[in-house]
Amino acid sequence: DILTVAGTNLGTLKRMKNVELRCRVDATETATSYLHDDLVTCVTPPRGEGFVHVEFTVNGETVQSESRSRYPKADGYQYIAAGKIESIFPVYGEVGGGAMIDIRGEDLKPSYRCRVGEIAMGAHFISSTLVKCEAPAHYEDGVTVDVSNPNGVFNQFSDVEFQYAPRASVESIHPRMGNSQGGTVMTVSGRNFASTNALRCRVGTVETSGVWRGSHQVECVSPAMQPSPPNSRRGHPVQISSNQKDFTPSDVK
């Protein structure tokens with residue numbers, strides 16, 4: 001991480017010849033970069049969790065106590081374990097965005113932000129192993145999902161990927177009637193059905209697994225349900241989901 005350190009008399013040291021100002025994090029020295037006369041940055045060295053002592057050195061020597069009134073003073077800094085992503089759910093979402101992504105991992109903190117592709121946003125902290133983020137709109141593509149460090153900075157891209165797909169829709173089903181005990185194989189026709197293990201069918205309020213037959217066709221097996229009244233034209237809506245969360249509109253029965 002980059003540590004920003006403010007102090008006094010930094011500009012004086014900057015203008016002095018043969019004087020090198022460095023940061024010392026416990027026993028490790030790192031180079032400084034001036035932002036302006038009273039502000040520098042230092043790269044923090046690797047450490048385990050916990051507090052460390054941060055101070056300046058001039059030409060490799062710690063500023064002595066009698067000089068502390070003229071030169072920058074020491075301060076403390078806390079190392080926090082970097083969060084690690086292990087998995088996300090769902091792994092598919094519509095290009096219009098809106099899917100709530102469950103990010104599971106280790107050492108997740110309330111101050112973390114998440115990034116889907118190139119877009120960063122606030123995360124909904126649930127626990128040290130779970131945060132939730134809402135997928136933004138994006139064109140059809142696979143993008144990485146990342147969490148920041150506790151300061152909101154993203155250091156690298158992960159290898160965990162979220163796939164954007166066009167919005168699916170159901171156009172017709174066949175047959176449109178079946179036994180109330182279930183077991184009828186229905187062919188659901190439509191658009192943009194994704195080939196994924198998370199493919200689901202929903203008949204009324206009951207969900208079943210779906211079998212992908214192509215981007216325009218999915219097979220579903222009807223669940224057992226109460227029979228409709230005689231001469232009733234009311235049916236149960238049939239919907240398809242590529243991620244077990246977001247289903248197609250329920251206007252086809």
# chains A, B, ... in the order shown; residues from 1 in each chain; ligands from 1

call {"tool": "residues_around", "arguments": {"residues": "stretch 157-164 of chain A", "least_positions_apart": "5", "cutoff": "10 Å", "atoms": "only C-alpha atoms", "output": "PyMOL selection string"}}
result
chain A and resi 84-97+101+103+115-118+135+137-148

call {"tool": "select_by_dssp", "arguments": {"residues": "stretch 75-176 of chain A", "states": "strand (DSSP E or B)", "output": "PyMOL selection string"}}
result
chain A and resi 75-79+84-89+92-94+100-106+113-116+119-122+124-127+130-134+142-147+161-165+169-174

call {"tool": "closest_atom_pairs", "arguments": {"of": "stretch 143-224 of chain A", "to": "stretch 248-252 of chain A", "cutoff": "10 Å", "atoms": "only C-alpha atoms", "output": "tab-separated table"}}
result
residue	atom	partner	partner_atom	distance
A:Arg167	CA	A:Thr248	CA	8.1
A:Ala168	CA	A:Thr248	CA	6.3
A:Ser169	CA	A:Thr248	CA	5.6
A:Val170	CA	A:Val252	CA	6.8
A:Glu171	CA	A:Val252	CA	6.9
A:Ser172	CA	A:Val252	CA	6.7
A:Ile173	CA	A:Val252	CA	7.9
A:Val188	CA	A:Val252	CA	10.0
A:Cys201	CA	A:Thr248	CA	9.7
A:Arg202	CA	A:Ser250	CA	9.5
A:Val203	CA	A:Ser250	CA	9.5
A:Gly204	CA	A:Ser250	CA	8.8

call {"tool": "write_last_selection", "arguments": {"atoms": "N, CA and C atoms", "output": "PDB file, in the first residue's frame"}}
result
ATOM      1  N   ARG A 167     -30.378 -10.106 -21.803  1.00  0.00           N
ATOM      2  CA  ARG A 167     -31.581 -10.445 -21.036  1.00  0.00           C
ATOM      3  C   ARG A 167     -32.358 -11.550 -21.727  1.00  0.00           C
ATOM      4  N   ALA A 168     -32.683 -12.596 -20.977  1.00  0.00           N
ATOM      5  CA  ALA A 168     -33.447 -13.721 -21.531  1.00  0.00           C
ATOM      6  C   ALA A 168     -34.940 -13.401 -21.522  1.00  0.00           C
ATOM      7  N   SER A 169     -35.678 -14.070 -22.398  1.00  0.00           N
ATOM      8  CA  SER A 169     -37.137 -13.905 -22.436  1.00  0.00           C
ATOM      9  C   SER A 169     -37.784 -15.208 -22.878  1.00  0.00           C
ATOM     10  N   VAL A 170     -38.975 -15.472 -22.369  1.00  0.00           N
ATOM     11  CA  VAL A 170     -39.762 -16.646 -22.745  1.00  0.00           C
ATOM     12  C   VAL A 170     -40.836 -16.203 -23.728  1.00  0.00           C
ATOM     13  N   GLU A 171     -40.953 -16.943 -24.857  1.00  0.00           N
ATOM     14  CA  GLU A 171     -41.937 -16.594 -25.882  1.00  0.00           C
ATOM     15  C   GLU A 171     -43.089 -17.599 -25.955  1.00  0.00           C
ATOM     16  N   SER A 172     -42.781 -18.883 -25.687  1.00  0.00           N
ATOM     17  CA  SER A 172     -43.851 -19.886 -25.759  1.00  0.00           C
ATOM     18  C   SER A 172     -43.446 -21.126 -24.974  1.00  0.00           C
ATOM     19  N   ILE A 173     -44.435 -21.953 -24.615  1.00  0.00           N
ATOM     20  CA  ILE A 173     -44.182 -23.229 -23.961  1.00  0.00           C
ATOM     21  C   ILE A 173     -45.034 -24.297 -24.627  1.00  0.00           C
ATOM     22  N   VAL A 188     -39.590 -24.992 -23.427  1.00  0.00           N
ATOM     23  CA  VAL A 188     -39.744 -23.545 -23.276  1.00  0.00           C
ATOM     24  C   VAL A 188     -38.888 -22.877 -24.345  1.00  0.00           C
ATOM     25  N   CYS A 201     -35.881 -23.450 -13.869  1.00  0.00           N
ATOM     26  CA  CYS A 201     -37.241 -23.171 -14.329  1.00  0.00           C
ATOM     27  C   CYS A 201     -38.096 -22.844 -13.109  1.00  0.00           C
ATOM     28  N   ARG A 202     -39.094 -22.002 -13.298  1.00  0.00           N
ATOM     29  CA  ARG A 202     -40.049 -21.739 -12.226  1.00  0.00           C
ATOM     30  C   ARG A 202     -41.451 -21.794 -12.813  1.00  0.00           C
ATOM     31  N   VAL A 203     -42.266 -22.698 -12.259  1.00  0.00           N
ATOM     32  CA  VAL A 203     -43.656 -22.852 -12.678  1.00  0.00           C
ATOM     33  C   VAL A 203     -44.512 -22.391 -11.513  1.00  0.00           C
ATOM     34  N   GLY A 204     -45.201 -21.294 -11.687  1.00  0.00           N
ATOM     35  CA  GLY A 204     -45.877 -20.678 -10.557  1.00  0.00           C
ATOM     36  C   GLY A 204     -44.834 -20.185  -9.576  1.00  0.00           C
TER      37      GLY A 204
END

call {"tool": "residues_around", "arguments": {"residues": "A:Cys220", "least_positions_apart": "3", "cutoff": "7 Å", "atoms": "only C-alpha atoms", "output": "PyMOL selection string"}}
result
chain A and resi 185-187+201+209-211
